[in-house]
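Below is the file query-v5.txt, which contains compact mmCIF, C-alpha atoms.
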# COMPACT_ATOMS: atom_id res chain seq x y z
CA MET H 1 36.82 -9.99 47.64
CA PRO H 2 37.71 -13.46 46.25
CA THR H 3 37.04 -14.50 42.70
CA ILE H 4 35.23 -17.87 42.64
CA ARG H 5 34.66 -20.21 39.75
CA LEU H 6 33.00 -23.59 39.34
CA GLN H 7 34.29 -26.16 36.83
CA ILE H 8 31.81 -28.92 35.94
CA SER H 9 34.29 -31.54 34.64
CA PRO H 10 35.88 -31.62 31.15
CA THR H 11 33.92 -30.97 27.98
CA ASN H 12 33.40 -33.94 25.64
CA LYS H 13 31.18 -34.37 22.61
CA PRO H 14 27.76 -35.68 23.80
CA ARG H 15 27.00 -39.29 22.95
CA ILE H 16 24.15 -41.67 23.72
CA LEU H 17 26.55 -43.82 25.75
CA GLY H 18 29.95 -43.22 27.31
CA VAL H 19 31.29 -40.04 28.85
CA ILE H 20 28.87 -37.27 27.93
CA LEU H 21 29.98 -33.64 28.22
CA SER H 22 30.79 -33.10 31.89
CA ALA H 23 28.84 -36.16 32.92
CA LEU H 24 30.35 -39.53 33.81
CA LEU H 25 28.16 -42.38 32.60
CA VAL H 26 28.19 -45.76 34.37
CA ALA H 27 25.76 -48.61 33.68
CA LEU H 28 25.32 -52.25 34.62
CA ALA H 29 23.89 -54.76 32.15
CA ILE H 30 23.05 -58.42 32.59
CA GLY H 31 23.33 -60.55 29.48
CA ALA H 32 23.58 -57.72 26.96
CA PRO H 33 26.25 -55.12 26.08
CA PHE H 34 25.55 -51.47 25.55
CA LEU H 35 24.91 -50.17 22.06
CA SER H 36 27.58 -48.10 20.42
CA SER H 37 26.75 -44.47 19.76
CA VAL H 38 24.40 -43.81 16.89
CA SER H 39 23.23 -40.62 15.27
CA ALA H 40 19.51 -41.40 15.16
CA LEU H 41 17.06 -41.60 18.04
CA GLN H 42 14.95 -44.74 18.36
CA LEU H 43 11.38 -44.70 17.05
CA GLN H 44 9.07 -46.29 19.59
CA ASN H 45 5.90 -48.47 19.25
CA ARG H 46 6.70 -49.46 15.67
CA GLU H 47 4.13 -51.52 13.76
CA VAL H 48 3.20 -52.52 10.21
CA ARG H 49 -0.22 -53.93 9.34
CA ILE H 50 -0.78 -55.67 6.01
CA SER H 51 -4.31 -56.10 4.69
CA ASN H 52 -3.40 -59.25 2.70
CA SER H 53 -0.27 -61.21 3.63
CA SER H 54 -0.43 -63.71 0.78
CA VAL H 55 2.49 -64.00 -1.62
CA SER H 56 2.32 -61.66 -4.63
CA ALA H 57 -0.95 -60.14 -3.40
CA THR H 58 -1.75 -56.45 -3.87
CA SER H 59 -2.10 -55.14 -0.35
CA ASN H 60 -2.43 -52.10 1.88
CA TYR H 61 0.44 -51.41 4.28
CA ARG H 62 -0.11 -49.27 7.39
CA PHE H 63 3.02 -48.11 9.24
CA SER H 64 2.69 -46.55 12.70
CA PHE H 65 5.29 -45.42 15.23
CA ASP H 66 6.15 -42.73 17.77
CA THR H 67 8.72 -40.16 16.66
CA ALA H 68 11.50 -39.41 19.14
CA SER H 69 13.11 -36.08 18.21
CA SER H 70 12.08 -32.45 17.97
CA SER H 71 14.15 -31.72 14.87
CA ASN H 72 12.83 -30.46 11.55
CA ILE H 73 11.52 -33.34 9.40
CA GLY H 74 11.33 -33.14 5.60
CA SER H 75 11.28 -36.79 4.49
CA VAL H 76 10.54 -40.31 5.71
CA ARG H 77 11.91 -43.54 4.22
CA PHE H 78 10.24 -46.96 4.54
CA GLN H 79 12.79 -49.52 3.37
CA LEU H 80 11.72 -53.16 2.99
CA CYS H 81 14.42 -55.85 3.09
CA SER H 82 14.70 -59.63 3.06
CA ASN H 83 17.83 -59.84 5.22
CA SER H 84 17.90 -57.45 8.20
CA PRO H 85 16.09 -54.61 10.02
CA LEU H 86 19.37 -53.01 11.16
CA GLN H 87 20.18 -49.51 9.99
CA ASN H 88 23.84 -49.95 9.12
CA GLU H 89 23.56 -53.20 7.17
CA PRO H 90 22.97 -53.50 3.40
CA CYS H 91 19.32 -54.00 2.46
CA THR H 92 18.49 -56.87 0.10
CA ALA H 93 15.29 -56.09 -1.83
CA PRO H 94 12.69 -58.90 -1.47
CA THR H 95 12.03 -60.72 -4.73
CA GLY H 96 8.72 -59.62 -6.23
CA LEU H 97 8.11 -56.77 -3.81
CA ASP H 98 7.01 -53.55 -5.52
CA VAL H 99 6.08 -50.34 -3.68
CA SER H 100 6.75 -48.03 -6.63
CA GLY H 101 3.06 -47.78 -7.54
CA ALA H 102 1.83 -47.16 -4.00
CA THR H 103 -0.77 -44.52 -3.16
CA LEU H 104 -0.77 -42.63 0.13
CA LEU H 105 -4.26 -43.18 1.55
CA ALA H 106 -3.96 -41.56 4.97
CA GLN H 107 -1.49 -39.81 7.25
CA SER H 108 -1.75 -38.62 10.85
CA GLY H 109 0.41 -37.16 13.61
CA MET H 110 3.08 -35.69 11.33
CA THR H 111 1.39 -34.69 8.09
CA GLY H 112 1.79 -32.77 4.83
CA PHE H 113 3.65 -35.54 2.98
CA THR H 114 3.40 -36.79 -0.57
CA ILE H 115 5.12 -39.76 -2.18
CA SER H 116 8.53 -38.76 -3.52
CA PRO H 117 9.66 -39.61 -7.06
CA LEU H 118 12.75 -41.08 -5.39
CA THR H 119 10.60 -44.09 -4.42
CA THR H 120 11.93 -47.44 -5.75
CA ALA H 121 10.65 -51.02 -5.76
CA ASN H 122 11.59 -51.54 -2.10
CA GLU H 123 11.98 -47.97 -0.78
CA LEU H 124 8.85 -45.92 -0.21
CA ILE H 125 9.81 -42.29 0.39
CA LEU H 126 7.61 -39.47 1.68
CA THR H 127 8.54 -35.81 1.24
CA ARG H 128 7.31 -32.41 2.36
CA THR H 129 8.69 -28.95 3.02
CA SER H 130 10.97 -29.48 6.02
CA ALA H 131 9.13 -28.38 9.14
CA ALA H 132 9.49 -28.60 12.91
CA ALA H 133 8.28 -31.81 14.52
CA THR H 134 7.69 -32.92 18.10
CA PRO H 135 7.63 -36.44 19.57
CA VAL H 136 4.21 -37.74 18.49
CA ALA H 137 2.37 -40.91 17.42
CA VAL H 138 2.15 -41.05 13.61
CA ALA H 139 0.62 -43.38 11.04
CA TYR H 140 0.80 -43.72 7.25
CA GLU H 141 -1.34 -46.05 5.13
CA PHE H 142 -0.51 -47.02 1.55
CA SER H 143 -2.42 -49.00 -1.07
CA ASP H 144 -1.34 -50.86 -4.22
CA ILE H 145 1.78 -52.51 -2.81
CA THR H 146 2.73 -55.87 -4.33
CA ASN H 147 3.88 -58.46 -1.79
CA PRO H 148 7.05 -60.57 -2.22
CA THR H 149 6.73 -63.80 -4.20
CA SER H 150 8.06 -66.09 -1.46
CA ILE H 151 6.72 -67.09 1.96
CA GLY H 152 8.91 -65.91 4.80
CA THR H 153 9.86 -63.20 7.27
CA TYR H 154 10.76 -59.77 5.92
CA PHE H 155 12.03 -56.63 7.58
CA GLY H 156 11.28 -52.93 7.53
CA ARG H 157 13.44 -49.93 8.33
CA ILE H 158 11.86 -46.55 9.10
CA GLU H 159 13.97 -43.39 9.02
CA THR H 160 13.16 -39.68 9.27
CA PHE H 161 15.36 -36.94 7.79
CA THR H 162 15.61 -33.18 8.09
CA SER H 163 16.17 -32.94 4.34
CA GLU H 164 13.34 -33.33 1.85
CA ASP H 165 15.17 -36.00 -0.19
CA ILE H 166 16.51 -38.41 2.53
CA THR H 167 20.01 -36.97 2.28
CA GLY H 168 22.13 -36.44 5.38
CA LEU H 169 22.00 -38.35 8.64
CA ALA H 170 18.76 -39.92 9.81
CA VAL H 171 17.04 -38.08 12.68
CA ASP H 172 14.97 -41.05 13.95
CA PHE H 173 15.26 -44.76 13.15
CA GLY H 174 13.43 -47.99 13.92
CA GLY H 175 13.29 -51.55 12.59
CA LEU H 176 10.42 -54.02 12.40
CA ALA H 177 9.47 -57.40 10.89
CA PHE H 178 6.48 -58.94 9.10
CA GLN H 179 5.48 -62.29 7.67
CA ILE H 180 4.21 -63.12 4.19
CA ASN H 181 1.70 -66.00 4.00
CA GLY H 182 2.64 -67.76 7.21
CA GLY H 183 3.01 -67.54 10.97
CA LEU H 184 5.46 -65.06 12.39
CA THR H 185 8.27 -66.55 14.47
CA LEU H 186 10.90 -64.05 15.51
CA GLN H 187 13.74 -63.94 17.95
CA THR H 188 15.02 -60.54 18.88
CA GLU H 189 16.67 -58.59 21.62
CA VAL H 190 15.97 -55.10 22.93
CA PRO H 191 19.39 -53.60 23.67
CA PRO H 192 19.75 -51.75 26.97
CA TYR H 193 20.42 -48.06 26.88
CA LEU H 194 21.12 -45.20 29.24
CA LEU H 195 21.07 -41.69 27.80
CA PHE H 196 22.79 -39.08 29.97
CA CYS H 197 24.41 -35.74 29.30
CA SER H 198 24.98 -32.40 31.00
CA GLY H 199 25.68 -28.85 29.93
CA ILE H 200 25.01 -25.26 30.76
CA THR H 201 22.16 -25.53 28.24
CA ILE H 202 20.46 -28.49 26.52
CA GLN H 203 17.77 -27.87 23.89
CA ALA H 204 14.70 -30.00 23.11
CA TYR H 205 15.76 -33.06 25.14
CA ASP H 206 18.60 -33.60 22.67
CA CYS H 207 22.12 -34.33 23.96
CA ASP H 208 23.59 -33.20 20.63
CA THR H 209 22.67 -29.64 21.64
CA ALA H 210 24.35 -29.74 25.07
CA THR H 211 26.90 -26.93 25.41
CA GLY H 212 29.11 -25.57 28.18
CA SER H 213 30.79 -27.06 31.24
CA TYR H 214 32.22 -24.02 33.02
CA ILE H 215 30.47 -21.60 35.38
CA ASP H 216 32.24 -18.33 36.22
CA PHE H 217 30.72 -16.76 39.33
CA GLY H 218 32.92 -13.68 39.02
CA ASP H 219 33.78 -11.52 42.03
CA PHE H 220 31.99 -12.10 45.30
CA SER H 221 30.89 -9.83 48.11
CA PRO H 222 29.35 -10.55 51.53
CA SER H 223 26.39 -8.40 50.50
CA ILE H 224 25.32 -10.55 47.51
CA THR H 225 24.58 -14.19 46.64
CA ASN H 226 25.97 -15.48 43.36
CA THR H 227 24.35 -18.30 41.42
CA GLY H 228 24.78 -20.62 38.43
CA THR H 229 22.98 -23.57 36.83
CA THR H 230 23.69 -26.82 34.98
CA GLN H 231 21.17 -28.91 33.02
CA LEU H 232 21.13 -32.72 33.23
CA LEU H 233 19.21 -34.96 30.79
CA VAL H 234 18.59 -38.63 31.66
CA GLY H 235 16.51 -41.46 30.17
CA THR H 236 16.78 -45.27 30.23
CA ASN H 237 15.00 -48.54 29.51
CA ALA H 238 16.66 -50.13 32.55
CA GLU H 239 14.15 -52.36 34.33
CA PHE H 240 15.07 -51.02 37.77
CA GLY H 241 15.68 -47.42 36.77
CA TYR H 242 18.72 -45.32 37.61
CA THR H 243 20.36 -43.09 40.17
CA LEU H 244 22.00 -39.75 39.45
CA ARG H 245 24.61 -38.60 41.94
CA VAL H 246 27.08 -35.73 42.28
CA THR H 247 30.71 -36.06 43.37
CA GLY H 248 33.36 -33.44 44.04
CA THR H 249 34.37 -30.89 46.63
CA THR H 250 33.32 -27.46 47.73
CA LEU H 251 35.08 -24.39 46.33
CA THR H 252 38.69 -24.18 47.48
CA SER H 253 41.71 -21.93 47.03
CA GLY H 254 44.80 -23.57 48.41
CA ILE H 255 44.04 -24.32 52.06
CA ASN H 256 41.09 -21.92 52.08
CA THR H 257 37.57 -23.22 51.49
CA ILE H 258 33.98 -22.02 51.32
CA ASN H 259 31.89 -24.08 53.70
CA GLN H 260 29.61 -26.64 52.06
CA LEU H 261 26.06 -27.04 53.33
CA ALA H 262 26.07 -30.58 54.74
CA SER H 263 22.33 -30.38 55.44
CA PRO H 264 19.59 -28.32 53.77
CA ASP H 265 19.71 -24.63 54.67
CA VAL H 266 18.60 -21.31 53.23
CA SER H 267 20.95 -18.92 51.48
CA LYS H 268 22.45 -16.44 53.96
CA ARG H 269 24.41 -13.46 52.77
CA GLY H 270 27.53 -12.74 54.75
CA GLN H 271 28.06 -16.40 55.72
CA SER H 272 30.42 -18.81 53.99
CA GLN H 273 28.14 -21.21 52.04
CA PHE H 274 28.23 -23.47 49.00
CA GLY H 275 25.19 -25.58 48.13
CA MET H 276 22.82 -26.69 45.39
CA ASN H 277 19.36 -28.07 44.68
CA LEU H 278 17.30 -29.22 41.67
CA ARG H 279 14.26 -26.98 42.05
CA ALA H 280 12.98 -23.57 40.97
CA ASN H 281 13.91 -21.10 43.72
CA GLY H 282 12.80 -17.65 44.76
CA THR H 283 15.57 -16.84 47.25
CA PRO H 284 17.68 -16.26 45.32
CA PRO H 285 15.71 -16.50 42.04
CA VAL H 286 17.53 -19.34 40.23
CA GLY H 287 16.83 -22.75 38.71
CA ALA H 288 13.83 -24.66 37.34
CA ASN H 289 11.69 -27.60 38.33
CA VAL H 290 12.22 -30.97 36.65
CA GLN H 291 10.76 -31.22 33.15
CA GLY H 292 9.98 -33.96 30.64
CA PRO H 293 7.67 -36.96 30.21
CA GLY H 294 9.61 -39.23 32.59
CA ALA H 295 8.78 -40.02 36.22
CA ALA H 296 12.20 -39.73 37.92
CA THR H 297 12.18 -37.60 41.06
CA VAL H 298 14.61 -35.30 42.87
CA ALA H 299 16.17 -36.77 46.02
CA VAL H 300 15.42 -35.59 49.55
CA GLY H 301 17.83 -32.80 50.49
CA TYR H 302 17.78 -31.36 46.97
CA ASN H 303 14.02 -31.15 46.41
CA GLN H 304 12.97 -28.23 48.62
CA PRO H 305 12.83 -24.78 47.00
CA ASN H 306 15.12 -22.19 48.63
CA PHE H 307 17.01 -24.84 50.62
CA TYR H 308 20.47 -25.91 49.45
CA GLN H 309 22.88 -28.73 50.27
CA PHE H 310 26.05 -30.35 48.98
CA ASN H 311 27.76 -33.59 50.02
CA ASN H 312 30.25 -35.55 47.93
CA GLY H 313 28.55 -38.68 46.52
CA ASP H 314 24.96 -37.66 47.27
CA ILE H 315 22.18 -39.06 45.06
CA VAL H 316 20.35 -36.04 43.66
CA ALA H 317 17.70 -37.79 41.52
CA SER H 318 16.49 -41.31 40.74
CA SER H 319 13.87 -43.50 39.08
CA VAL H 320 12.70 -46.98 40.09
CA SER H 321 11.84 -48.32 36.62
CA THR H 322 12.25 -47.55 32.92
CA ASP H 323 11.97 -43.83 32.39
CA ALA H 324 11.50 -41.39 29.51
CA TYR H 325 13.60 -38.26 29.16
CA ARG H 326 13.86 -36.14 32.30
CA MET H 327 15.51 -32.70 32.36
CA PHE H 328 16.93 -31.60 35.72
CA THR H 329 18.35 -28.15 36.47
CA ALA H 330 21.04 -28.06 39.16
CA SER H 331 21.19 -24.63 40.84
CA TYR H 332 24.30 -23.53 42.75
CA VAL H 333 24.49 -20.76 45.36
CA VAL H 334 27.63 -19.25 46.90
CA ASN H 335 27.89 -16.79 49.76
CA VAL H 336 31.07 -15.47 51.39
CA SER H 337 31.70 -13.97 54.80
CA GLN H 338 33.46 -10.69 55.47
CA ASN H 339 36.65 -12.52 56.50
CA GLN H 340 36.73 -14.96 53.55
CA ALA H 341 40.36 -15.18 52.41
CA PRO H 342 40.98 -13.78 48.90
CA GLY H 343 41.98 -16.18 46.16
CA TYR H 344 40.96 -18.04 43.04
CA TYR H 345 38.40 -20.62 44.21
CA VAL H 346 37.63 -23.69 42.08
CA ALA H 347 35.47 -26.80 42.41
CA THR H 348 35.13 -29.68 39.92
CA LEU H 349 31.83 -31.57 40.08
CA VAL H 350 31.17 -34.86 38.30
CA TYR H 351 27.66 -36.23 37.81
CA ILE H 352 27.30 -40.02 37.57
CA ALA H 353 24.25 -41.85 36.19
CA LEU H 354 24.04 -45.52 37.17
CA ALA H 355 21.38 -47.76 35.60
CA SER H 356 20.39 -51.29 36.68
CA PHE H 357 19.18 -53.69 34.00
Whole structure given in structure tokens:
Amino acid sequence: MPTIRLQISPTNKPRILGVILSALLVALAIGAPFLSSVSALQLQNREVRISNSSVSATSNYRFSFDTASSSNIGSVRFQLCSNSPLQNEPCTAPTGLDVSGATLLAQSGMTGFTISPLTTANELILTRTSAAATPVAVAYEFSDITNPTSIGTYFGRIETFTSEDITGLAVDFGGLAFQINGGLTLQTEVPPYLLFCSGITIQAYDCDTATGSYIDFGDFSPSITNTGTTQLLVGTNAEFGYTLRVTGTTLTSGINTINQLASPDVSKRGQSQFGMNLRANGTPPVGANVQGPGAATVAVGYNQPNFYQFNNGDIVASSVSTDAYRMFTASYVVNVSQNQAPGYYVATLVYIALASF
């Protein structure tokens, strides 16, 4: 019986943008370039409320945001600057600002923190025993913060860390702005992003955990159906969503091929078949239904349990607007007939995510 293997493109280190693992990332942007790869996920719905925005006033500051990762969190840093909210730029401490005497009044969503002795005049640091966290809405309120001595716009940077003393790379990051004793006039830009990666396994909606790009089906027999799976993680803020398509060929060995299923069909032992879908199946038992908070859906032809298909260039999933993380599981089935020629059969599949901004 032939030995058949499936290669899902080359392995590359997963990144937020660019070629990710076995996946080929393509995106269109109008008026704005893509961000370069960063180590931290973006905090969403960031806000700071100040009880008294007058210069030099003693005020309460309430920071709220949605965490993005599922990593362990042991510390949070609130950094206040006069020059920029960007993570990789130096932070100039606002004149007169003093958070060193702050008191933590309330905390919700991700709790158990106390104010760290590492806190400085413009860096308010929370610490706790590092513990697992999930994406959640959080809020922290502090009292006894002294405002800057000059009217103007100031900036905040919020970072979470796995360590308990803000060492190591930030897990989540987000910037914000606030005004002292005056109206707030800001000009800003929300950069476009498309997150996409693939692997044999991906943990906790985190592309940094994606591993594997090679499926070995082993030896085949007309009396059995062999299977394999690949996971695909996609998310974007593209206004018009994205499409996810698969390209490649069926399994081949020289001039010999295993027939691809050009239209949806059930798995049939003893017949030459290669196909896939993105659903949980019972015949054979393989795969999983789409997971995650997003709304993207599986395409017709790949969305019916126990029916499989493969055509080069087919769209296998899509969204029509901005979409949160969505985890798809691609399930592959291979059957061979009694007269299938022996050989080493290989197919290389490439998944392409295309976003429209």
Go ahead and compute the interatomic distance for atom CA of H:Thr167 and atom CA of H:Ile125, in Å to one decimal.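 Pair atom CA of H:Thr167 / atom CA of H:Ile125 returns 11.7 Å.
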Residue with smallest distance to H:Val346 - pool H:Phe307, H:Tyr302, H:Tyr325, H:Phe217, counting all atoms listed in the file: H:Phe217
Which neighbours of stretch 50-57 of chain H fall inside 6 Å, counting only C-alpha atoms, when residues of the same chain fewer than 2 positions from it are skipped, and could you give them as a PyMOL selection string? chain H and resi 59-61+146-150+180-181
Output C-alpha atoms for every residue in the selection just made, as an mmCIF file, in the frame of the given file.
data_model
loop_
_atom_site.group_PDB
_atom_site.id
_atom_site.type_symbol
_atom_site.label_atom_id
_atom_site.label_comp_id
_atom_site.auth_asym_id
_atom_site.auth_seq_id
_atom_site.Cartn_x
_atom_site.Cartn_y
_atom_site.Cartn_z
ATOM 1 C CA SER H 59 -2.100 -55.140 -0.350
ATOM 2 C CA ASN H 60 -2.430 -52.100 1.880
ATOM 3 C CA TYR H 61 0.440 -51.410 4.280
ATOM 4 C CA THR H 146 2.730 -55.870 -4.330
ATOM 5 C CA ASN H 147 3.880 -58.460 -1.790
ATOM 6 C CA PRO H 148 7.050 -60.570 -2.220
ATOM 7 C CA THR H 149 6.730 -63.800 -4.200
ATOM 8 C CA SER H 150 8.060 -66.090 -1.460
ATOM 9 C CA ILE H 180 4.210 -63.120 4.190
ATOM 10 C CA ASN H 181 1.700 -66.000 4.000
#
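With distances taken over all atoms listed in the file, H:Thr201 is the one residue among H:Thr201, H:Asn306, H:Ser272, H:Thr236 lying closest to H:Thr329.
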Hey, what's within 8 Å of H:Ala317 if we count all atoms listed in the file and toss same-chain stuff fewer than 4 positions away? As a CSV table (one decimal) with C-alpha atoms, in the frame of the given file, please?
chain,number,residue,atom,x,y,z
H,243,THR,CA,20.4,-43.1,40.2
H,244,LEU,CA,22.0,-39.8,39.4
H,245,ARG,CA,24.6,-38.6,41.9
H,296,ALA,CA,12.2,-39.7,37.9
H,297,THR,CA,12.2,-37.6,41.1
H,298,VAL,CA,14.6,-35.3,42.9
H,299,ALA,CA,16.2,-36.8,46.0
So, with only C-alpha atoms as the atoms that count, which of H:Gly168, H:Pro94, H:Gly294, H:Pro85 lies closest to H:Gly156? H:Pro85
Please, could N, CA and C atoms be added to stretch 101-116 of chain H and the result written as a short mmCIF file (atom, residue, chain, number, x, y, z; two decimals), in the frame of the given file?
data_model
loop_
_atom_site.label_atom_id
_atom_site.label_comp_id
_atom_site.auth_asym_id
_atom_site.auth_seq_id
_atom_site.Cartn_x
_atom_site.Cartn_y
_atom_site.Cartn_z
N GLY H 101 4.36 -48.28 -7.11
CA GLY H 101 3.06 -47.78 -7.54
C GLY H 101 2.12 -47.47 -6.39
N ALA H 102 2.67 -47.36 -5.19
CA ALA H 102 1.83 -47.16 -4.00
C ALA H 102 1.14 -45.80 -4.01
N THR H 103 -0.01 -45.75 -3.36
CA THR H 103 -0.77 -44.52 -3.16
C THR H 103 -0.87 -44.26 -1.67
N LEU H 104 -0.64 -43.01 -1.27
CA LEU H 104 -0.77 -42.63 0.13
C LEU H 104 -2.23 -42.37 0.45
N LEU H 105 -2.85 -43.29 1.24
CA LEU H 105 -4.26 -43.18 1.55
C LEU H 105 -4.54 -42.26 2.73
N ALA H 106 -3.70 -42.32 3.75
CA ALA H 106 -3.96 -41.56 4.97
C ALA H 106 -2.65 -41.27 5.69
N GLN H 107 -2.65 -40.17 6.44
CA GLN H 107 -1.49 -39.81 7.25
C GLN H 107 -1.98 -39.05 8.47
N SER H 108 -1.34 -39.29 9.62
CA SER H 108 -1.75 -38.62 10.85
C SER H 108 -0.54 -38.40 11.75
N GLY H 109 -0.66 -37.46 12.66
CA GLY H 109 0.41 -37.16 13.61
C GLY H 109 1.42 -36.18 13.08
N MET H 110 2.11 -36.55 12.02
CA MET H 110 3.08 -35.69 11.33
C MET H 110 2.68 -35.73 9.86
N THR H 111 2.09 -34.67 9.36
CA THR H 111 1.39 -34.69 8.09
C THR H 111 2.01 -33.74 7.06
N GLY H 112 1.34 -33.64 5.91
CA GLY H 112 1.79 -32.77 4.83
C GLY H 112 2.68 -33.46 3.83
N PHE H 113 2.74 -34.79 3.85
CA PHE H 113 3.65 -35.54 2.98
C PHE H 113 2.97 -35.97 1.68
N THR H 114 3.79 -36.13 0.68
CA THR H 114 3.40 -36.79 -0.57
C THR H 114 4.46 -37.82 -0.90
N ILE H 115 4.15 -38.75 -1.79
CA ILE H 115 5.12 -39.76 -2.18
C ILE H 115 6.17 -39.14 -3.11
N SER H 116 7.42 -39.35 -2.77
CA SER H 116 8.53 -38.76 -3.52
C SER H 116 8.81 -39.56 -4.79
#
